[in-house]
Amino acid sequence: MKEIQKFLQKFQKEMNWEITDENYEESRASILNNFMLFTTEVGEVGEEFRAIFNETNQLMKDKHVNEEEAFEMAKEKYKENIGKELSDCIAYIVKFANYLEIDLEKSFYEKMNEIKMRKNKD
């Protein structure tokens, strides 16, 4: 994760996609704009999953493929697209972490350990 954070910090600077840090109002507007873009990407992940489910149903109906086989075929068809959309989401998450100087790898493992220690895990 540290390598991804370093890569994206440099990449976003080169692309002029950094979160503005001039003053409070500009930072606020930049953060909100980036958060809006992030949520759009999350929605696109949902659209790809919806496409998988629609494709599964279509294959079962038109090609008379059993449900499991149809689902596997649909997942394979949309796998690359979902990978791209998930990558967009990761880029925004890392952008926020870099802006706040959060070590995502450390934060991730700490959070997973916290979850593991919970009494109510669902």
# chains A, B, ... in the order shown; residues from 1 in each chain; ligands from 1

$ residues_around --residues "A:Lys77" --least-positions-apart "5" --cutoff "10 Å" --atoms "only C-alpha atoms" --output "list of chain:residue names"
A:Ala51, A:Ile52, A:Glu55, A:Phe71, A:Glu72, A:Ile82

$ residues_around --residues "stretch 38-48 of chain A" --least-positions-apart "6" --cutoff "7 Å" --atoms "only C-alpha atoms" --output "MDAnalysis selection string"
chainID A and resid 78 82 85:86 88:89 92

$ write_last_selection --atoms "N, CA, C and O atoms" --output "mmCIF file, in the first residue's frame"
data_model
loop_
_atom_site.group_PDB
_atom_site.id
_atom_site.type_symbol
_atom_site.label_atom_id
_atom_site.label_comp_id
_atom_site.auth_asym_id
_atom_site.auth_seq_id
_atom_site.Cartn_x
_atom_site.Cartn_y
_atom_site.Cartn_z
ATOM 1 N N TYR A 78 -17.433 -9.209 -17.178
ATOM 2 C CA TYR A 78 -17.374 -7.879 -16.577
ATOM 3 C C TYR A 78 -16.210 -7.676 -15.615
ATOM 4 O O TYR A 78 -16.047 -6.592 -15.051
ATOM 5 N N ILE A 82 -14.963 -4.098 -13.828
ATOM 6 C CA ILE A 82 -15.047 -3.900 -12.380
ATOM 7 C C ILE A 82 -13.660 -3.589 -11.811
ATOM 8 O O ILE A 82 -13.525 -2.723 -10.945
ATOM 9 N N GLU A 85 -13.052 0.081 -12.385
ATOM 10 C CA GLU A 85 -13.857 0.927 -11.495
ATOM 11 C C GLU A 85 -13.355 0.846 -10.052
ATOM 12 O O GLU A 85 -13.301 1.867 -9.354
ATOM 13 N N LEU A 86 -12.980 -0.343 -9.606
ATOM 14 C CA LEU A 86 -12.406 -0.471 -8.256
ATOM 15 C C LEU A 86 -11.093 0.297 -8.152
ATOM 16 O O LEU A 86 -10.805 0.917 -7.121
ATOM 17 N N ASP A 88 -10.358 3.025 -9.792
ATOM 18 C CA ASP A 88 -10.736 4.436 -9.638
ATOM 19 C C ASP A 88 -11.071 4.743 -8.185
ATOM 20 O O ASP A 88 -10.662 5.775 -7.644
ATOM 21 N N CYS A 89 -11.817 3.847 -7.538
ATOM 22 C CA CYS A 89 -12.186 4.043 -6.128
ATOM 23 C C CYS A 89 -10.941 4.083 -5.245
ATOM 24 O O CYS A 89 -10.817 4.953 -4.374
ATOM 25 N N TYR A 92 -9.113 7.413 -5.427
ATOM 26 C CA TYR A 92 -9.702 8.489 -4.617
ATOM 27 C C TYR A 92 -9.460 8.269 -3.123
ATOM 28 O O TYR A 92 -9.153 9.215 -2.389
#

$ atom_distance --atom1 "atom CA of A:Lys2" --atom2 "atom CA of A:Leu104"
7.4 Å

$ select_by_dssp --residues "chain A" --states "alpha helix (DSSP H)" --output "PyMOL selection string"
chain A and resi 2-14+24-62+67-99+104-117

$ residues_around --residues "stretch 15-22 of chain A" --least-positions-apart "6" --cutoff "9 Å" --atoms "only C-alpha atoms" --output "list in words"
Gln9, Arg28, Ala29, Ser30, Ile31, Asn34, Lys95, Phe96 and Tyr99 of chain A

$ write_last_selection --atoms "C-alpha atoms" --output "mmCIF file, in the first residue's frame"
data_model
loop_
_atom_site.group_PDB
_atom_site.id
_atom_site.type_symbol
_atom_site.label_atom_id
_atom_site.label_comp_id
_atom_site.auth_asym_id
_atom_site.auth_seq_id
_atom_site.Cartn_x
_atom_site.Cartn_y
_atom_site.Cartn_z
ATOM 1 C CA GLN A 9 1.024 11.105 -4.822
ATOM 2 C CA ARG A 28 -13.276 22.368 1.350
ATOM 3 C CA ALA A 29 -14.493 22.755 -2.231
ATOM 4 C CA SER A 30 -11.753 20.459 -3.540
ATOM 5 C CA ILE A 31 -12.442 17.769 -0.930
ATOM 6 C CA ASN A 34 -13.284 14.751 -4.992
ATOM 7 C CA LYS A 95 -5.883 10.691 -2.557
ATOM 8 C CA PHE A 96 -7.801 11.430 0.653
ATOM 9 C CA TYR A 99 -3.975 14.638 1.690
#

$ closest_residue --among "A:Lys10, A:Lys63, A:Arg118, A:Lys111" --to "A:Val94" --atoms "only C-alpha atoms"
A:Lys10

$ atom_distance --atom1 "atom CA of A:Met36" --atom2 "atom CA of A:Lys6"
23.3 Å
